[in-house]
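> There's a structure below that I have some questions on.
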Amino acid sequence: MTERAQQIGARVEKFVRDVVIPYETDPRRDSHGPSDALVSELRARARDAGVLTPHVLDNGEHLTQVETAHVLIRSGLSPLGPLACNTMAPDEGNMYLLGKVGSDEQKRRFLAPLVAGEARSAFFMTEPAAEGGAGSDPSMMQTTARLDGNHWVINGRKAFITGADGAKVGIVMARSDGGEGKMAATMFLVDLPHPAIRIERVLDTIDSSMPGGHSVIAIEDLRVPAEDILGAPQEGFKYAQVRLSPARLSHCMRWLGCCIRAQEIATDYANRRHAFGKPLIDHEGVGFMLAQNLIDLKQCELIIDWCAGVLDTGSLGTAESSMAKVAVSEALMRVADNCVQVMGGTGVTGDTVVEQIFREIRAFRIYDGPTEVHKWSLAKKIKRDWKAQRA
C-alpha cells in the first residue's frame, strides 16, 4: 500500500469515526434516505477536513484501484460515510465513467460539480420488470432514442433509479438502433431536473442509505442535443461495462467497511453482555459466529485487493468483477446476519446501526446484479472455456 493512500485512508477513517458516526441518529432521514440538507452539511464538514472526494487528487488524477479500496473501505465505516466523503454510488461510478469517456466540455459541465460535491447524479438504465424492460439483461432495453436533426428524442420508462429525486446530473441509456439490425444503445447526459423526465414514485425498499431513494421514471419526448452524447453513439453497452465492473468493486469496498463496523459493535456487545454466568463471547455459539465473521471479513479484504490489482492492470473483465461481487456480497451477508444474531433483540432495533447495515447488505446481494445472474454468467464462461480447450 502506498504512503499517500495510507495517509488519506487514516484521515478518512478519523473523520468518519469522529464526525460522521454521531450523525447516525440525526432525524433528517426517512425510509428513502438522508435528506439533501443533511448530505450538504456532511459534505461541508468533509470539505473542511480535507476528505471530500478523497479518491480524486487535486490535479484530477485518480488513486489506483488498490489505493481506492484502502480509502473507500474506511469511508464505509458508517452508512453516512460515503455520502459525506462523496464516495457513494451512483455518484462514484458516474464520476469514474465521465472521467473515462466524457469530453473536456462534458467534464466541465457535468463532472466538475460532482467531484466538488456540489451535485448528485443518477444513472438511468434499469426498466420496470412488469413491462418486460431491461434489468440484469440490458438487451431487453425498451427505452428508445430517435435521431431528429441535431437532437435525439428519448422515450421510455425507468425503474430503481437511485438518487433521481434531487439529482442535478443524469446519464440516460436508451436503445438507439431504430429497432433494426444488431441492438445498440447510446448514453446521453442531461441536466436535472428536466420537465421531460418525470418521477412517478419513489419506491419503498429495504435499504435507506442513499439520498433520493430509488425512483420509477417516465421519460417523455426528451430532446438531447448530439453534443451531449456521452462518448460515441451506439456504444452504450460497452460504456456500461466500463462503469459497472469497477462500480461493483466499489460497492464491495464500502459495504466491507460497514460490516467491519458491525463486527466491532457486536464484539463489544458480546464482551459486555452476560448470560448464564459468563460473557456471551465465552459461549461457543456466540464466539464461533464472531470468529467466522473475522474469517469472512479477511477473505473479503483479500478478494477486493486481488480484484483491484487486476483492474489496475487494465485487464479486469466481467468474470473477475462477477466473482468478487458474489463472494463479497454473500460473505458480508453472513457477517451482518451473525452480528444481528449475536446481539439478539438489540440487533433488530435501531438502537445501533447494525440493523441498518443488515438491510443494506441484503439489498447489495441484488443491486449491480444478483448473485444468481453472476453465477450464470460465470457458468457460461466455464462452458466457453471448455469448448475452446477442445477446439
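Going by the C-alpha cells order, chains are called A, B, ..., each with residues numbered from 1, while ligands are numbered from 1 in the order shown.
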Just the helix (DSSP H, G or I) stuff from region 129-159 of chain A, please, per backbone DSSP, written as a PyMOL selection string.

chain A and resi 129-131+138-140

> Region 44-153 of chain A near region 344-357 of chain A within 12 Å: what's each residue's closest atom pair and its distance in Å to one decimal, counting only C-alpha atoms, ordered by chain then ascending residue number, as JSON lines?


{"residue": "A:Gly76", "atom": "CA", "partner": "A:Ile357", "partner_atom": "CA", "distance": 10.5}
{"residue": "A:Leu77", "atom": "CA", "partner": "A:Ile357", "partner_atom": "CA", "distance": 10.2}
{"residue": "A:Ser78", "atom": "CA", "partner": "A:Val353", "partner_atom": "CA", "distance": 8.2}
{"residue": "A:Pro79", "atom": "CA", "partner": "A:Ile357", "partner_atom": "CA", "distance": 7.4}
{"residue": "A:Leu80", "atom": "CA", "partner": "A:Val353", "partner_atom": "CA", "distance": 10.6}

> With N, CA and C atoms retained, could you export that selection as a CSV table (one decimal), in the first residue's frame?


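Listed below is the output, again-v8.csv:
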chain,number,residue,atom,x,y,z
A,76,GLY,N,-16.6,3.7,4.4
A,76,GLY,CA,-17.8,2.9,4.6
A,76,GLY,C,-18.0,2.5,6.1
A,77,LEU,N,-17.2,2.9,7.0
A,77,LEU,CA,-17.4,2.5,8.4
A,77,LEU,C,-18.7,3.0,9.0
A,78,SER,N,-19.3,4.0,8.3
A,78,SER,CA,-20.7,4.4,8.6
A,78,SER,C,-21.5,4.4,7.3
A,79,PRO,N,-22.8,4.1,7.3
A,79,PRO,CA,-23.5,4.2,6.0
A,79,PRO,C,-23.6,5.6,5.5
A,80,LEU,N,-23.3,6.6,6.4
A,80,LEU,CA,-23.3,8.0,6.0
A,80,LEU,C,-21.9,8.4,5.5

> Out of A:Lys383, A:His151, A:His55, A:Arg175, which residue has the shortest atom-to-atom distance to Glu235 (chain A) when counting only C-alpha atoms?

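The answer is A:Arg175, which sits nearest to Glu235 (chain A).
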
> So what do you get for CA of Glu301 (chain A) versus CA of Lys375 (chain A), distance-wise?

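Rounded to one decimal, the two atoms are 20.7 Å apart.
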
> So which residues touch region 324-335 of chain A within 8 Å, counting only C-alpha atoms, skipping near sequence neighbours fewer than 6 positions away, as number ranges by chain?

A: 248-249, 252, 255-256, 259, 263, 292-293, 296-297, 300, 303-304, 307, 358, 361-362, 364-365, 371, 374-375

> Keeping only C-alpha atoms, write the selected residues as a JSON list (two decimals), in the first residue's frame.


[["chain", "number", "residue", "atom", "x", "y", "z"],
["A", 248, "ARG", "CA", -19.37, -3.41, -8.37],
["A", 249, "LEU", "CA", -15.96, -3.48, -6.74],
["A", 252, "CYS", "CA", -17.76, -4.27, -2.11],
["A", 255, "TRP", "CA", -20.03, -2.38, 2.43],
["A", 256, "LEU", "CA", -16.95, -4.14, 3.76],
["A", 259, "CYS", "CA", -19.55, -4.80, 8.16],
["A", 263, "GLN", "CA", -18.44, -6.63, 13.83],
["A", 292, "GLN", "CA", -16.39, -16.85, 11.39],
["A", 293, "ASN", "CA", -17.06, -13.16, 10.79],
["A", 296, "ASP", "CA", -15.15, -13.73, 6.16],
["A", 297, "LEU", "CA", -14.03, -10.13, 6.60],
["A", 300, "CYS", "CA", -13.41, -10.13, 1.54],
["A", 303, "ILE", "CA", -10.69, -10.63, -2.74],
["A", 304, "ILE", "CA", -11.13, -6.87, -3.09],
["A", 307, "CYS", "CA", -9.68, -7.66, -7.99],
["A", 358, "PHE", "CA", -28.10, -5.81, 7.71],
["A", 361, "ILE", "CA", -26.24, -5.73, 2.73],
["A", 362, "ARG", "CA", -29.40, -7.69, 1.91],
["A", 364, "PHE", "CA", -26.48, -5.33, -2.02],
["A", 365, "ARG", "CA", -26.91, -9.02, -2.91],
["A", 371, "THR", "CA", -25.78, -13.49, -7.20],
["A", 374, "HIS", "CA", -23.34, -13.52, -11.92],
["A", 375, "LYS", "CA", -23.08, -17.28, -11.34]]

> Contacts of region 159-170 of chain A at 8 Å or less, counting only C-alpha atoms, minus same-chain residues fewer than 3 places along, as number ranges by chain?

A: 36, 90, 110, 119-128, 188-193, 199, 203, 210-217

> Can you write out the residues you just picked, keeping N, CA and C atoms, as a PDB file, in the first residue's frame?


ATOM      1  N   ASP A  36     -31.201  15.964   1.516  1.00  0.00           N
ATOM      2  CA  ASP A  36     -30.116  16.702   0.858  1.00  0.00           C
ATOM      3  C   ASP A  36     -29.495  17.711   1.810  1.00  0.00           C
ATOM      4  N   PRO A  90     -24.778   6.426  -6.688  1.00  0.00           N
ATOM      5  CA  PRO A  90     -24.200   6.195  -8.005  1.00  0.00           C
ATOM      6  C   PRO A  90     -23.145   7.226  -8.416  1.00  0.00           C
ATOM      7  N   PHE A 110     -20.527  18.589 -16.321  1.00  0.00           N
ATOM      8  CA  PHE A 110     -21.174  17.524 -15.546  1.00  0.00           C
ATOM      9  C   PHE A 110     -20.275  16.894 -14.488  1.00  0.00           C
ATOM     10  N   ALA A 119     -23.148  18.520  -6.428  1.00  0.00           N
ATOM     11  CA  ALA A 119     -24.284  17.952  -7.155  1.00  0.00           C
ATOM     12  C   ALA A 119     -24.315  16.453  -6.943  1.00  0.00           C
ATOM     13  N   ARG A 120     -25.516  15.883  -7.078  1.00  0.00           N
ATOM     14  CA  ARG A 120     -25.696  14.443  -7.112  1.00  0.00           C
ATOM     15  C   ARG A 120     -26.088  14.030  -8.525  1.00  0.00           C
ATOM     16  N   SER A 121     -25.968  12.735  -8.809  1.00  0.00           N
ATOM     17  CA  SER A 121     -26.255  12.250 -10.151  1.00  0.00           C
ATOM     18  C   SER A 121     -27.127  11.005 -10.101  1.00  0.00           C
ATOM     19  N   ALA A 122     -27.637  10.613 -11.271  1.00  0.00           N
ATOM     20  CA  ALA A 122     -28.444   9.402 -11.391  1.00  0.00           C
ATOM     21  C   ALA A 122     -28.104   8.724 -12.712  1.00  0.00           C
ATOM     22  N   PHE A 123     -28.145   7.404 -12.699  1.00  0.00           N
ATOM     23  CA  PHE A 123     -27.827   6.602 -13.887  1.00  0.00           C
ATOM     24  C   PHE A 123     -29.096   5.876 -14.314  1.00  0.00           C
ATOM     25  N   PHE A 124     -29.651   6.256 -15.462  1.00  0.00           N
ATOM     26  CA  PHE A 124     -30.958   5.766 -15.906  1.00  0.00           C
ATOM     27  C   PHE A 124     -30.767   4.592 -16.872  1.00  0.00           C
ATOM     28  N   MET A 125     -30.718   3.380 -16.332  1.00  0.00           N
ATOM     29  CA  MET A 125     -30.583   2.202 -17.185  1.00  0.00           C
ATOM     30  C   MET A 125     -31.693   1.183 -16.930  1.00  0.00           C
ATOM     31  N   THR A 126     -31.896   0.763 -15.678  1.00  0.00           N
ATOM     32  CA  THR A 126     -32.867  -0.290 -15.358  1.00  0.00           C
ATOM     33  C   THR A 126     -34.291   0.153 -15.685  1.00  0.00           C
ATOM     34  N   GLU A 127     -35.116  -0.807 -16.115  1.00  0.00           N
ATOM     35  CA  GLU A 127     -36.500  -0.517 -16.503  1.00  0.00           C
ATOM     36  C   GLU A 127     -37.476  -1.399 -15.731  1.00  0.00           C
ATOM     37  N   PRO A 128     -38.775  -1.045 -15.739  1.00  0.00           N
ATOM     38  CA  PRO A 128     -39.755  -1.827 -14.965  1.00  0.00           C
ATOM     39  C   PRO A 128     -39.841  -3.278 -15.434  1.00  0.00           C
ATOM     40  N   PHE A 188     -26.690   9.332 -22.842  1.00  0.00           N
ATOM     41  CA  PHE A 188     -26.908  10.759 -23.010  1.00  0.00           C
ATOM     42  C   PHE A 188     -26.767  11.465 -21.665  1.00  0.00           C
ATOM     43  N   LEU A 189     -26.145  12.632 -21.692  1.00  0.00           N
ATOM     44  CA  LEU A 189     -26.014  13.458 -20.490  1.00  0.00           C
ATOM     45  C   LEU A 189     -27.132  14.488 -20.454  1.00  0.00           C
ATOM     46  N   VAL A 190     -27.743  14.649 -19.275  1.00  0.00           N
ATOM     47  CA  VAL A 190     -28.897  15.541 -19.141  1.00  0.00           C
ATOM     48  C   VAL A 190     -28.773  16.342 -17.857  1.00  0.00           C
ATOM     49  N   ASP A 191     -29.061  17.643 -17.951  1.00  0.00           N
ATOM     50  CA  ASP A 191     -29.178  18.473 -16.757  1.00  0.00           C
ATOM     51  C   ASP A 191     -30.504  18.164 -16.067  1.00  0.00           C
ATOM     52  N   LEU A 192     -30.451  17.964 -14.772  1.00  0.00           N
ATOM     53  CA  LEU A 192     -31.648  17.668 -13.989  1.00  0.00           C
ATOM     54  C   LEU A 192     -31.891  18.756 -12.959  1.00  0.00           C
ATOM     55  N   PRO A 193     -33.162  18.955 -12.560  1.00  0.00           N
ATOM     56  CA  PRO A 193     -34.366  18.300 -13.077  1.00  0.00           C
ATOM     57  C   PRO A 193     -34.698  18.759 -14.485  1.00  0.00           C
ATOM     58  N   ILE A 199     -40.624  11.929 -12.252  1.00  0.00           N
ATOM     59  CA  ILE A 199     -40.612  10.899 -11.216  1.00  0.00           C
ATOM     60  C   ILE A 199     -42.049  10.497 -10.924  1.00  0.00           C
ATOM     61  N   LEU A 203     -39.837   4.335  -4.749  1.00  0.00           N
ATOM     62  CA  LEU A 203     -40.168   3.007  -4.244  1.00  0.00           C
ATOM     63  C   LEU A 203     -39.827   2.872  -2.757  1.00  0.00           C
ATOM     64  N   MET A 210     -29.243   5.859   0.652  1.00  0.00           N
ATOM     65  CA  MET A 210     -28.935   6.720  -0.489  1.00  0.00           C
ATOM     66  C   MET A 210     -29.959   7.834  -0.620  1.00  0.00           C
ATOM     67  N   PRO A 211     -29.530   9.094  -0.636  1.00  0.00           N
ATOM     68  CA  PRO A 211     -30.487  10.199  -0.744  1.00  0.00           C
ATOM     69  C   PRO A 211     -31.279  10.125  -2.041  1.00  0.00           C
ATOM     70  N   GLY A 212     -32.562  10.435  -1.939  1.00  0.00           N
ATOM     71  CA  GLY A 212     -33.429  10.367  -3.107  1.00  0.00           C
ATOM     72  C   GLY A 212     -34.074   9.021  -3.310  1.00  0.00           C
ATOM     73  N   GLY A 213     -33.595   7.990  -2.620  1.00  0.00           N
ATOM     74  CA  GLY A 213     -34.177   6.662  -2.762  1.00  0.00           C
ATOM     75  C   GLY A 213     -34.044   6.127  -4.175  1.00  0.00           C
ATOM     76  N   HIS A 214     -34.977   5.261  -4.550  1.00  0.00           N
ATOM     77  CA  HIS A 214     -34.954   4.602  -5.862  1.00  0.00           C
ATOM     78  C   HIS A 214     -36.298   4.869  -6.545  1.00  0.00           C
ATOM     79  N   SER A 215     -36.272   5.502  -7.702  1.00  0.00           N
ATOM     80  CA  SER A 215     -37.493   6.012  -8.332  1.00  0.00           C
ATOM     81  C   SER A 215     -37.894   5.245  -9.586  1.00  0.00           C
ATOM     82  N   VAL A 216     -39.193   5.295  -9.859  1.00  0.00           N
ATOM     83  CA  VAL A 216     -39.738   4.898 -11.156  1.00  0.00           C
ATOM     84  C   VAL A 216     -39.892   6.178 -11.970  1.00  0.00           C
ATOM     85  N   ILE A 217     -39.401   6.157 -13.205  1.00  0.00           N
ATOM     86  CA  ILE A 217     -39.263   7.370 -14.011  1.00  0.00           C
ATOM     87  C   ILE A 217     -39.991   7.230 -15.339  1.00  0.00           C
TER      88      ILE A 217
END

> Please provide the set of residues having any atom within 12 Å of Arg28 (chain A), restricted to only C-alpha atoms, with same-chain residues fewer than 6 positions apart removed, written as a short mmCIF file (atom, residue, chain, number, x, y, z; two decimals) with C-alpha atoms, in the first residue's frame.


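Saved the output as part15.cif:
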data_model
loop_
_atom_site.label_atom_id
_atom_site.label_comp_id
_atom_site.auth_asym_id
_atom_site.auth_seq_id
_atom_site.Cartn_x
_atom_site.Cartn_y
_atom_site.Cartn_z
CA PRO A 34 -30.85 11.05 4.17
CA SER A 35 -32.13 14.48 3.19
CA ASP A 36 -30.12 16.70 0.86
CA ALA A 37 -29.72 19.18 3.72
CA LEU A 38 -28.01 16.50 5.79
CA VAL A 39 -25.80 15.47 2.86
CA SER A 40 -24.80 19.10 2.25
CA GLU A 41 -23.89 19.60 5.89
CA LEU A 42 -21.81 16.42 5.97
CA LEU A 80 -23.29 8.02 6.03
CA PRO A 211 -30.49 10.20 -0.74
#

> What does the distance between CA of Val172 (chain A) and CA of Arg29 (chain A) come to in Å, to one decimal place?

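These two atoms are separated by 27.4 Å.
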
> For each of A:Arg261, A:Lys298, A:Arg254, A:Lys387, take the minimum atom-to-atom distance to Ala89 (chain A), counting only C-alpha atoms, then give the residue where this is smallest.

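Using only C-alpha atoms, Ala89 (chain A) sits closest to A:Arg254.
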
> Name the residues in contact with Asp137 (chain A) at a cut-off of 12 Å, using only C-alpha atoms, excluding same-chain residues fewer than 5 positions from it; report them as a ChimeraX atom specification.

/A:125-127,129,132,142,237,368-370,373-374,376-377
